[in-house]
>>> print(open('my_file-v1.cif').read())   # mmCIF, C-alpha atoms
data_query
#
loop_
_atom_site.group_PDB
_atom_site.id
_atom_site.type_symbol
_atom_site.label_atom_id
_atom_site.label_comp_id
_atom_site.auth_asym_id
_atom_site.auth_seq_id
_atom_site.Cartn_x
_atom_site.Cartn_y
_atom_site.Cartn_z
ATOM 1 C CA MET L 1 -42.756 -77.873 -103.828
ATOM 2 C CA SER L 2 -39.794 -76.641 -101.848
ATOM 3 C CA GLN L 3 -39.102 -72.905 -101.994
ATOM 4 C CA THR L 4 -35.405 -73.379 -101.216
ATOM 5 C CA PRO L 5 -33.419 -71.431 -103.816
ATOM 6 C CA ARG L 6 -31.625 -73.523 -106.398
ATOM 7 C CA SER L 7 -28.065 -72.529 -107.245
ATOM 8 C CA HIS L 8 -27.328 -71.601 -110.852
ATOM 9 C CA GLY L 9 -23.712 -70.555 -110.427
ATOM 10 C CA ARG L 10 -23.830 -66.775 -110.259
ATOM 11 C CA LYS L 11 -27.124 -66.276 -108.424
ATOM 12 C CA SER L 12 -29.913 -68.238 -106.745
ATOM 13 C CA ILE L 13 -33.392 -68.663 -108.198
ATOM 14 C CA ALA L 14 -36.464 -69.507 -106.117
ATOM 15 C CA ALA L 15 -39.165 -71.701 -107.631
ATOM 16 C CA SER L 16 -41.838 -69.065 -106.936
ATOM 17 C CA LEU L 17 -40.425 -66.389 -109.250
ATOM 18 C CA LYS L 18 -42.945 -64.127 -110.979
ATOM 19 C CA PRO L 19 -42.099 -62.833 -114.497
ATOM 20 C CA ARG L 20 -40.900 -59.410 -113.334
ATOM 21 C CA ASP L 21 -38.774 -61.055 -110.648
ATOM 22 C CA LEU L 22 -36.608 -62.472 -113.410
ATOM 23 C CA MET L 23 -35.404 -58.933 -114.090
ATOM 24 C CA GLU L 24 -33.820 -58.315 -110.701
ATOM 25 C CA GLU L 25 -31.492 -55.416 -110.101
ATOM 26 C CA THR L 26 -28.499 -57.657 -109.353
ATOM 27 C CA ARG L 27 -26.186 -57.355 -112.343
ATOM 28 C CA LEU L 28 -24.375 -60.455 -113.532
ATOM 29 C CA ALA L 29 -20.747 -60.214 -114.561
ATOM 30 C CA ARG L 30 -20.106 -61.456 -118.097
ATOM 31 C CA ALA L 31 -23.783 -62.173 -118.831
ATOM 32 C CA TRP L 32 -25.118 -60.927 -122.166
ATOM 33 C CA THR L 33 -27.210 -57.875 -121.294
ATOM 34 C CA ALA L 34 -30.271 -56.434 -122.989
ATOM 35 C CA GLN L 35 -31.471 -53.000 -121.933
ATOM 36 C CA VAL L 36 -34.806 -51.650 -123.125
ATOM 37 C CA ILE L 37 -35.759 -47.977 -122.887
ATOM 38 C CA THR L 38 -39.553 -47.953 -122.857
ATOM 39 C CA LEU L 39 -42.680 -46.203 -121.637
ATOM 40 C CA VAL L 40 -44.205 -49.569 -120.687
ATOM 41 C CA PRO L 41 -41.569 -51.443 -118.661
ATOM 42 C CA GLN L 42 -44.328 -53.697 -117.305
ATOM 43 C CA ALA L 43 -44.461 -55.316 -120.757
ATOM 44 C CA PHE L 44 -41.175 -57.081 -119.976
ATOM 45 C CA PRO L 45 -40.003 -59.778 -119.836
ATOM 46 C CA GLY L 46 -43.274 -60.837 -121.509
ATOM 47 C CA VAL L 47 -42.779 -63.890 -123.691
ATOM 48 C CA LEU L 48 -39.026 -63.651 -123.050
ATOM 49 C CA GLY L 49 -39.720 -64.939 -119.559
ATOM 50 C CA GLU L 50 -41.152 -68.175 -120.959
ATOM 51 C CA SER L 51 -39.750 -71.349 -122.508
ATOM 52 C CA LEU L 52 -36.039 -71.532 -123.327
ATOM 53 C CA THR L 53 -35.365 -67.794 -123.140
ATOM 54 C CA GLY L 54 -37.058 -67.643 -119.748
ATOM 55 C CA LYS L 55 -35.088 -70.626 -118.480
ATOM 56 C CA ALA L 56 -31.857 -69.010 -119.687
ATOM 57 C CA LEU L 57 -32.873 -65.777 -117.949
ATOM 58 C CA LYS L 58 -33.383 -67.645 -114.682
ATOM 59 C CA GLU L 59 -30.040 -69.379 -115.072
ATOM 60 C CA GLY L 60 -28.173 -66.131 -115.649
ATOM 61 C CA LEU L 61 -27.122 -66.895 -119.234
ATOM 62 C CA TRP L 62 -28.393 -63.416 -120.088
ATOM 63 C CA GLN L 63 -30.013 -60.521 -118.259
ATOM 64 C CA LEU L 64 -32.775 -58.080 -119.128
ATOM 65 C CA GLU L 65 -33.110 -54.574 -117.717
ATOM 66 C CA THR L 66 -35.683 -51.897 -118.462
ATOM 67 C CA VAL L 67 -35.227 -48.127 -118.300
ATOM 68 C CA ASP L 68 -38.562 -46.397 -117.687
ATOM 69 C CA LEU L 69 -38.607 -43.326 -119.926
ATOM 70 C CA ARG L 70 -41.246 -41.718 -117.706
ATOM 71 C CA ASP L 71 -38.698 -41.464 -114.885
ATOM 72 C CA PHE L 72 -36.818 -38.877 -116.968
ATOM 73 C CA GLY L 73 -39.877 -36.851 -117.952
ATOM 74 C CA GLU L 74 -40.340 -33.086 -117.548
ATOM 75 C CA GLY L 75 -42.273 -31.369 -114.790
ATOM 76 C CA LYS L 76 -44.854 -32.549 -112.295
ATOM 77 C CA HIS L 77 -46.510 -34.876 -114.776
ATOM 78 C CA ARG L 78 -43.268 -36.318 -116.156
ATOM 79 C CA ASN L 79 -44.052 -35.309 -119.735
ATOM 80 C CA VAL L 80 -42.018 -37.188 -122.342
ATOM 81 C CA ASP L 81 -43.441 -35.787 -125.588
ATOM 82 C CA ASP L 82 -44.480 -32.583 -127.321
ATOM 83 C CA THR L 83 -46.065 -31.418 -130.562
ATOM 84 C CA PRO L 84 -44.064 -31.762 -133.806
ATOM 85 C CA ALA L 85 -41.994 -28.737 -134.820
ATOM 86 C CA GLY L 86 -43.574 -27.270 -137.938
ATOM 87 C CA GLY L 87 -46.992 -28.686 -137.104
ATOM 88 C CA GLY L 88 -48.660 -31.964 -137.889
ATOM 89 C CA ALA L 89 -50.551 -34.757 -136.198
ATOM 90 C CA GLY L 90 -49.479 -36.680 -133.122
ATOM 91 C CA MET L 91 -46.680 -36.163 -130.633
ATOM 92 C CA VAL L 92 -42.903 -36.629 -130.717
ATOM 93 C CA LEU L 93 -40.641 -37.972 -127.954
ATOM 94 C CA ARG L 94 -38.587 -35.084 -126.555
ATOM 95 C CA ALA L 95 -34.836 -34.910 -127.140
ATOM 96 C CA ASP L 96 -33.965 -33.818 -123.600
ATOM 97 C CA VAL L 97 -36.041 -36.563 -121.977
ATOM 98 C CA MET L 98 -34.690 -39.335 -124.172
ATOM 99 C CA GLY L 99 -31.169 -37.956 -123.836
ATOM 100 C CA ARG L 100 -31.302 -38.308 -120.060
ATOM 101 C CA ALA L 101 -32.628 -41.855 -120.347
ATOM 102 C CA ILE L 102 -29.893 -42.808 -122.819
ATOM 103 C CA ASP L 103 -27.139 -41.316 -120.649
ATOM 104 C CA HIS L 104 -28.453 -43.359 -117.730
ATOM 105 C CA ALA L 105 -28.549 -46.519 -119.860
ATOM 106 C CA LEU L 106 -25.041 -45.976 -121.226
ATOM 107 C CA GLY L 107 -23.755 -45.555 -117.691
ATOM 108 C CA ARG L 108 -24.965 -49.074 -116.921
ATOM 109 C CA ASN L 109 -24.239 -50.764 -120.239
ATOM 110 C CA PRO L 110 -22.105 -48.978 -122.867
ATOM 111 C CA GLY L 111 -23.201 -51.348 -125.649
ATOM 112 C CA PRO L 112 -24.611 -50.247 -129.018
ATOM 113 C CA LEU L 113 -27.844 -48.234 -129.185
ATOM 114 C CA VAL L 114 -30.669 -49.351 -131.464
ATOM 115 C CA TYR L 115 -33.853 -47.382 -132.134
ATOM 116 C CA LEU L 116 -36.756 -49.592 -133.235
ATOM 117 C CA SER L 117 -38.200 -47.694 -136.165
ATOM 118 C CA PRO L 118 -40.231 -48.661 -139.277
ATOM 119 C CA ARG L 119 -37.792 -46.668 -141.414
ATOM 120 C CA GLY L 120 -34.740 -48.614 -140.213
ATOM 121 C CA ARG L 121 -32.790 -51.471 -141.743
ATOM 122 C CA ARG L 122 -34.812 -54.653 -141.603
ATOM 123 C CA PHE L 123 -33.839 -57.041 -138.818
ATOM 124 C CA ASP L 124 -32.559 -60.415 -140.006
ATOM 125 C CA GLN L 125 -30.763 -63.535 -138.807
ATOM 126 C CA GLN L 126 -27.321 -62.092 -139.501
ATOM 127 C CA MET L 127 -28.115 -59.093 -137.311
ATOM 128 C CA ALA L 128 -29.213 -61.459 -134.536
ATOM 129 C CA ARG L 129 -25.882 -63.260 -134.842
ATOM 130 C CA ASP L 130 -23.996 -59.957 -134.743
ATOM 131 C CA TRP L 131 -25.834 -58.852 -131.602
ATOM 132 C CA ALA L 132 -25.265 -62.225 -129.920
ATOM 133 C CA ALA L 133 -21.512 -61.792 -130.434
ATOM 134 C CA LEU L 134 -21.561 -58.485 -128.507
ATOM 135 C CA PRO L 135 -21.653 -58.059 -124.705
ATOM 136 C CA GLY L 136 -25.209 -56.791 -125.091
ATOM 137 C CA VAL L 137 -27.438 -54.199 -126.726
ATOM 138 C CA THR L 138 -29.701 -51.306 -125.700
ATOM 139 C CA LEU L 139 -33.021 -51.045 -127.546
ATOM 140 C CA ILE L 140 -35.059 -47.838 -127.645
ATOM 141 C CA CYS L 141 -38.789 -48.408 -128.091
ATOM 142 C CA GLY L 142 -40.455 -45.657 -130.056
ATOM 143 C CA ARG L 143 -43.945 -44.292 -129.353
ATOM 144 C CA PHE L 144 -46.303 -41.738 -130.886
ATOM 145 C CA GLU L 145 -44.893 -40.171 -134.087
ATOM 146 C CA GLY L 146 -41.329 -41.097 -133.233
ATOM 147 C CA LEU L 147 -38.195 -39.680 -131.677
ATOM 148 C CA ASP L 148 -36.615 -36.243 -132.114
ATOM 149 C CA GLN L 149 -34.068 -36.695 -134.914
ATOM 150 C CA ARG L 150 -31.402 -34.797 -132.976
ATOM 151 C CA VAL L 151 -31.163 -37.656 -130.487
ATOM 152 C CA ILE L 152 -30.601 -40.178 -133.277
ATOM 153 C CA ASP L 153 -27.931 -37.976 -134.834
ATOM 154 C CA HIS L 154 -26.184 -37.036 -131.594
ATOM 155 C CA TYR L 155 -25.811 -40.587 -130.284
ATOM 156 C CA ARG L 156 -25.380 -42.099 -133.763
ATOM 157 C CA ILE L 157 -28.155 -44.555 -133.056
ATOM 158 C CA ALA L 158 -28.773 -47.382 -135.517
ATOM 159 C CA GLU L 159 -32.380 -47.643 -136.695
ATOM 160 C CA VAL L 160 -33.772 -51.159 -137.107
ATOM 161 C CA SER L 161 -37.194 -52.326 -138.292
ATOM 162 C CA LEU L 162 -38.993 -55.606 -137.629
ATOM 163 C CA GLY L 163 -40.691 -55.372 -141.024
ATOM 164 C CA ASP L 164 -42.555 -53.169 -143.460
ATOM 165 C CA PHE L 165 -45.446 -52.310 -141.153
ATOM 166 C CA VAL L 166 -46.128 -49.932 -138.267
ATOM 167 C CA LEU L 167 -46.706 -50.955 -134.636
ATOM 168 C CA THR L 168 -48.113 -48.856 -131.789
ATOM 169 C CA GLY L 169 -44.739 -49.017 -130.072
ATOM 170 C CA GLY L 170 -41.426 -50.811 -130.227
ATOM 171 C CA GLU L 171 -42.004 -53.237 -127.349
ATOM 172 C CA ILE L 172 -43.312 -56.144 -129.423
ATOM 173 C CA ALA L 173 -40.490 -55.666 -131.924
ATOM 174 C CA ALA L 174 -37.960 -55.561 -129.072
ATOM 175 C CA GLN L 175 -39.181 -58.877 -127.700
ATOM 176 C CA ALA L 176 -39.070 -60.511 -131.127
ATOM 177 C CA MET L 177 -35.535 -59.290 -131.824
ATOM 178 C CA LEU L 178 -34.278 -60.273 -128.381
ATOM 179 C CA ASP L 179 -35.808 -63.732 -128.720
ATOM 180 C CA ALA L 180 -34.015 -64.229 -132.045
ATOM 181 C CA THR L 181 -30.747 -63.081 -130.472
ATOM 182 C CA VAL L 182 -30.848 -64.764 -127.079
ATOM 183 C CA ARG L 183 -31.502 -68.217 -128.550
ATOM 184 C CA LEU L 184 -28.104 -67.937 -130.283
ATOM 185 C CA LEU L 185 -26.203 -67.401 -127.029
ATOM 186 C CA PRO L 186 -24.081 -70.341 -125.826
ATOM 187 C CA GLY L 187 -26.040 -72.779 -123.688
ATOM 188 C CA VAL L 188 -29.512 -71.366 -124.354
ATOM 189 C CA LEU L 189 -30.719 -74.047 -126.769
ATOM 190 C CA GLY L 190 -28.477 -76.769 -125.406
ATOM 191 C CA ASN L 191 -27.884 -78.207 -128.884
ATOM 192 C CA ALA L 192 -25.801 -75.977 -131.163
ATOM 193 C CA ASP L 193 -26.899 -78.043 -134.167
ATOM 194 C CA SER L 194 -30.450 -76.718 -133.682
ATOM 195 C CA THR L 195 -29.463 -73.353 -135.127
ATOM 196 C CA ALA L 196 -27.289 -74.728 -137.916
ATOM 197 C CA GLU L 197 -30.067 -76.146 -140.091
ATOM 198 C CA GLU L 198 -33.006 -73.815 -139.436
ATOM 199 C CA SER L 199 -34.413 -71.175 -141.763
ATOM 200 C CA HIS L 200 -32.027 -68.325 -142.672
ATOM 201 C CA SER L 201 -29.019 -69.993 -141.027
ATOM 202 C CA ASP L 202 -27.317 -70.365 -144.413
ATOM 203 C CA GLY L 203 -29.495 -68.066 -146.497
ATOM 204 C CA LEU L 204 -32.146 -70.689 -147.269
ATOM 205 C CA LEU L 205 -35.531 -71.491 -145.793
ATOM 206 C CA GLU L 206 -35.622 -74.654 -143.720
ATOM 207 C CA HIS L 207 -36.553 -77.996 -145.286
ATOM 208 C CA PRO L 208 -39.865 -79.676 -144.250
ATOM 209 C CA GLN L 209 -39.891 -81.594 -140.975
ATOM 210 C CA TYR L 210 -41.713 -84.860 -140.116
ATOM 211 C CA THR L 211 -42.177 -87.101 -137.075
ATOM 212 C CA ARG L 212 -44.404 -89.948 -135.833
ATOM 213 C CA PRO L 213 -46.742 -91.459 -136.856
ATOM 214 C CA ALA L 214 -45.155 -92.845 -140.014
ATOM 215 C CA GLU L 215 -48.468 -92.341 -141.835
ATOM 216 C CA TRP L 216 -51.195 -89.811 -141.029
ATOM 217 C CA GLN L 217 -54.431 -89.182 -142.943
ATOM 218 C CA GLY L 218 -53.061 -91.385 -145.702
ATOM 219 C CA LEU L 219 -49.929 -89.249 -145.964
ATOM 220 C CA PRO L 220 -46.622 -91.076 -145.358
ATOM 221 C CA ILE L 221 -43.296 -89.611 -144.286
ATOM 222 C CA PRO L 222 -41.061 -89.294 -147.389
ATOM 223 C CA GLU L 223 -39.343 -92.631 -147.920
ATOM 224 C CA VAL L 224 -35.830 -91.169 -147.981
ATOM 225 C CA LEU L 225 -36.195 -89.965 -144.379
ATOM 226 C CA MET L 226 -36.934 -93.514 -143.258
ATOM 227 C CA SER L 227 -34.029 -95.024 -145.195
ATOM 228 C CA GLY L 228 -31.311 -94.446 -142.608
ATOM 229 C CA HIS L 229 -29.012 -93.244 -145.417
ATOM 230 C CA HIS L 230 -27.689 -89.997 -143.950
ATOM 231 C CA GLY L 231 -26.008 -88.854 -147.150
ATOM 232 C CA GLU L 232 -29.224 -89.161 -149.159
ATOM 233 C CA ILE L 233 -31.211 -87.518 -146.364
ATOM 234 C CA ALA L 234 -28.821 -84.539 -146.382
ATOM 235 C CA LYS L 235 -29.153 -84.207 -150.170
ATOM 236 C CA TRP L 236 -32.953 -84.374 -149.950
ATOM 237 C CA ARG L 237 -33.094 -81.727 -147.228
ATOM 238 C CA ARG L 238 -30.815 -79.407 -149.180
ATOM 239 C CA ARG L 239 -32.905 -79.861 -152.323
ATOM 240 C CA MET L 240 -36.141 -79.161 -150.441
ATOM 241 C CA ALA L 241 -34.627 -76.062 -148.808
ATOM 242 C CA GLU L 242 -33.526 -74.744 -152.183
ATOM 243 C CA ASP L 243 -36.902 -75.464 -153.797
ATOM 244 C CA LEU L 244 -38.839 -73.759 -151.003
ATOM 245 C CA THR L 245 -36.580 -70.712 -151.061
ATOM 246 C CA ARG L 246 -36.794 -70.422 -154.853
ATOM 247 C CA GLN L 247 -40.610 -70.614 -154.775
ATOM 248 C CA ARG L 248 -41.408 -68.540 -151.704
ATOM 249 C CA ARG L 249 -38.556 -66.045 -151.340
ATOM 250 C CA PRO L 250 -37.023 -65.131 -154.693
ATOM 251 C CA ASP L 251 -35.144 -62.310 -152.956
ATOM 252 C CA LEU L 252 -33.366 -64.768 -150.656
ATOM 253 C CA TRP L 253 -32.790 -67.153 -153.547
ATOM 254 C CA ALA L 254 -31.135 -64.446 -155.652
ATOM 255 C CA ALA L 255 -28.888 -63.432 -152.725
ATOM 256 C CA TYR L 256 -27.999 -67.090 -152.087
ATOM 257 C CA LYS L 257 -27.021 -67.619 -155.726
ATOM 258 C CA ASP L 258 -24.895 -64.486 -155.731
ATOM 259 C CA ARG L 259 -23.102 -65.564 -152.565
ATOM 260 C CA THR L 260 -22.457 -69.151 -153.699
ATOM 261 C CA GLY L 261 -21.691 -68.317 -157.329
ATOM 262 C CA ASP L 262 -24.531 -70.562 -158.495
ATOM 263 C CA LYS L 263 -25.636 -69.449 -161.976
ATOM 264 C CA GLY L 264 -28.539 -71.896 -162.136
#
>>> encode(input="my_file-v1.cif", output="structure tokens")
Amino acid sequence: MSQTPRSHGRKSIAASLKPRDLMEETRLARAWTAQVITLVPQAFPGVLGESLTGKALKEGLWQLETVDLRDFGEGKHRNVDDTPAGGGAGMVLRADVMGRAIDHALGRNPGPLVYLSPRGRRFDQQMARDWAALPGVTLICGRFEGLDQRVIDHYRIAEVSLGDFVLTGGEIAAQAMLDATVRLLPGVLGNADSTAEESHSDGLLEHPQYTRPAEWQGLPIPEVLMSGHHGEIAKWRRRMAEDLTRQRRPDLWAAYKDRTGDKG
């Protein structure tokens, strides 16, 4: 295979790129930018460097930059944490260390700051859409027992949670949230209709999907999907989406009814 760089408009990409090479220092004008403040920058791009998000990263549709928190640590050993004030188990990320890292990040990308925390507002599809409409976002990955509250208050950082559980650090959550956001950027999926009918796009879970063969293990594809009658297919898909949401996510169903005025 030729190693001659292929042009993608704003930069050139060689076929031999390694995952970390996708996150080059060259900044792209107008590209949606994700910054991640983390103690494990080697975890990125991770899965974001694969499939459609990885292809979009290569093509400059978005860019990913890490800020290594250790670079801003204290003393010879670059310490980033200390014992909790008032006592208790574990360690807490220091305010002065994180403050320096945030100031550095804001100097490169003044977008909104988000701290990935289990006590934050739960991430959802609407938040992904909101982030995708911005020039970018800076995510702060927590570690240990968390981050000094003064940093959160001083910078007015939004706290966001991936779900009602605790992870070792925020890196996995950051990748999940960025994946959900980046796929909404123009040109990433290629087909805008792909996001219009999937789960949570309109407050409902997605209807069941089928493909070839027409019959498998004695189970046929629902007859309506083979009818070619697009109006009936649309009605069936809407009905299935509503039924699934009602059965599996009563919270989403109640919110959907409130929003649409449906009293049924």
>>> residues_around(input="my_file-v1.cif", residues="region 156-164 of chain L", least_positions_apart="5", cutoff="9 Å", atoms="only C-alpha atoms", output="PyMOL selection string")
chain L and resi 112-124+151+173-174+176-177
>>> resolve_selection(input="my_file-v1.cif", expression="the PyMOL selection byres ((chain L and resi 81-95) around 6)", output="PDB file with C-alpha atoms, in the frame of the given file")
ATOM      1  CA  ASN L  79     -44.052 -35.309-119.735  1.00  0.00           C
ATOM      2  CA  VAL L  80     -42.018 -37.188-122.342  1.00  0.00           C
ATOM      3  CA  ASP L  96     -33.965 -33.818-123.600  1.00  0.00           C
ATOM      4  CA  VAL L  97     -36.041 -36.563-121.977  1.00  0.00           C
ATOM      5  CA  MET L  98     -34.690 -39.335-124.172  1.00  0.00           C
ATOM      6  CA  GLY L  99     -31.169 -37.956-123.836  1.00  0.00           C
ATOM      7  CA  PHE L 144     -46.303 -41.738-130.886  1.00  0.00           C
ATOM      8  CA  GLU L 145     -44.893 -40.171-134.087  1.00  0.00           C
ATOM      9  CA  GLY L 146     -41.329 -41.097-133.233  1.00  0.00           C
ATOM     10  CA  LEU L 147     -38.195 -39.680-131.677  1.00  0.00           C
ATOM     11  CA  ASP L 148     -36.615 -36.243-132.114  1.00  0.00           C
ATOM     12  CA  VAL L 151     -31.163 -37.656-130.487  1.00  0.00           C
TER      13      VAL L 151
END
>>> resolve_selection(input="my_file-v1.cif", expression="the PyMOL selection byres ((chain L and resi 219-224) around 12)", output="ChimeraX atom specification")
/L:208-218,225-237,240
>>> atom_distance(input="my_file-v1.cif", atom1="CA of Arg100 (chain L)", atom2="CA of Arg129 (chain L)")
29.5 Å
>>> atom_distance(input="my_file-v1.cif", atom1="CA of Leu28 (chain L)", atom2="CA of Ala56 (chain L)")
12.9 Å
>>> decode(input="my_file-v1.cif", residues="region 47-128 of chain L", atoms="C-alpha atoms", output="short mmCIF file (atom, residue, chain, number, x, y, z; two decimals), in the first residue's frame")
data_model
loop_
_atom_site.label_atom_id
_atom_site.label_comp_id
_atom_site.auth_asym_id
_atom_site.auth_seq_id
_atom_site.Cartn_x
_atom_site.Cartn_y
_atom_site.Cartn_z
CA VAL L 47 -12.38 3.53 20.60
CA LEU L 48 -12.87 7.06 19.24
CA GLY L 49 -10.06 6.33 16.82
CA GLU L 50 -12.03 3.46 15.27
CA SER L 51 -14.98 3.14 12.90
CA LEU L 52 -16.89 6.26 11.87
CA THR L 53 -15.57 8.51 14.64
CA GLY L 54 -12.02 7.50 13.78
CA LYS L 55 -12.58 8.12 10.08
CA ALA L 56 -14.04 11.55 10.88
CA LEU L 57 -11.02 12.27 13.09
CA LYS L 58 -8.67 11.42 10.23
CA GLU L 59 -10.66 13.60 7.86
CA GLY L 60 -10.55 16.60 10.17
CA LEU L 61 -14.30 16.75 10.82
CA TRP L 62 -13.40 17.02 14.51
CA GLN L 63 -10.25 17.07 16.60
CA LEU L 64 -9.28 15.55 19.93
CA GLU L 65 -6.66 16.96 22.29
CA THR L 66 -5.56 15.73 25.70
CA VAL L 67 -4.18 17.80 28.58
CA ASP L 68 -2.00 15.66 30.84
CA LEU L 69 -2.84 16.67 34.41
CA ARG L 70 0.51 15.30 35.61
CA ASP L 71 2.31 18.04 33.67
CA PHE L 72 0.85 20.57 36.12
CA GLY L 73 1.65 18.60 39.27
CA GLU L 74 3.52 19.88 42.34
CA GLY L 75 7.16 19.25 43.14
CA LYS L 76 9.71 16.75 41.90
CA HIS L 77 7.18 13.95 41.67
CA ARG L 78 4.45 16.04 40.02
CA ASN L 79 1.91 15.32 42.76
CA VAL L 80 -1.69 15.99 41.72
CA ASP L 81 -3.61 14.91 44.83
CA ASP L 82 -3.65 15.16 48.61
CA THR L 83 -5.59 13.84 51.58
CA PRO L 84 -9.18 15.06 52.11
CA ALA L 85 -9.60 18.09 54.37
CA GLY L 86 -11.33 16.93 57.53
CA GLY L 87 -10.08 13.37 57.13
CA GLY L 88 -11.46 10.36 55.36
CA ALA L 89 -10.41 7.67 52.92
CA GLY L 90 -8.73 8.18 49.57
CA MET L 91 -7.20 11.22 47.92
CA VAL L 92 -8.59 14.37 46.30
CA LEU L 93 -7.33 16.16 43.17
CA ARG L 94 -5.67 19.42 44.22
CA ALA L 95 -7.26 22.77 43.37
CA ASP L 96 -4.01 24.47 42.36
CA VAL L 97 -2.95 21.63 40.05
CA MET L 98 -6.31 21.35 38.32
CA GLY L 99 -6.58 25.13 38.12
CA ARG L 100 -3.34 25.34 36.15
CA ALA L 101 -4.49 22.58 33.80
CA ILE L 102 -7.84 24.29 33.23
CA ASP L 103 -6.22 27.67 32.54
CA HIS L 104 -4.00 25.99 29.97
CA ALA L 105 -6.99 24.25 28.37
CA LEU L 106 -9.06 27.44 28.26
CA GLY L 107 -6.19 29.22 26.56
CA ARG L 108 -6.43 26.71 23.72
CA ASN L 109 -10.18 26.20 23.60
CA PRO L 110 -12.49 28.55 25.55
CA GLY L 111 -15.47 26.19 25.24
CA PRO L 112 -17.61 24.98 28.16
CA LEU L 113 -16.04 22.95 30.98
CA VAL L 114 -17.60 19.66 32.05
CA TYR L 115 -16.50 17.59 35.05
CA LEU L 116 -17.40 13.90 34.71
CA SER L 117 -18.85 13.06 38.10
CA PRO L 118 -21.32 10.44 39.40
CA ARG L 119 -23.22 13.21 41.20
CA GLY L 120 -23.80 15.23 38.02
CA ARG L 121 -26.78 15.54 35.72
CA ARG L 122 -27.20 12.37 33.71
CA PHE L 123 -25.91 12.55 30.14
CA ASP L 124 -28.58 12.07 27.48
CA GLN L 125 -29.21 12.47 23.76
CA GLN L 126 -30.33 16.08 24.11
CA MET L 127 -27.07 16.95 25.84
CA ALA L 128 -25.16 15.30 22.99
#
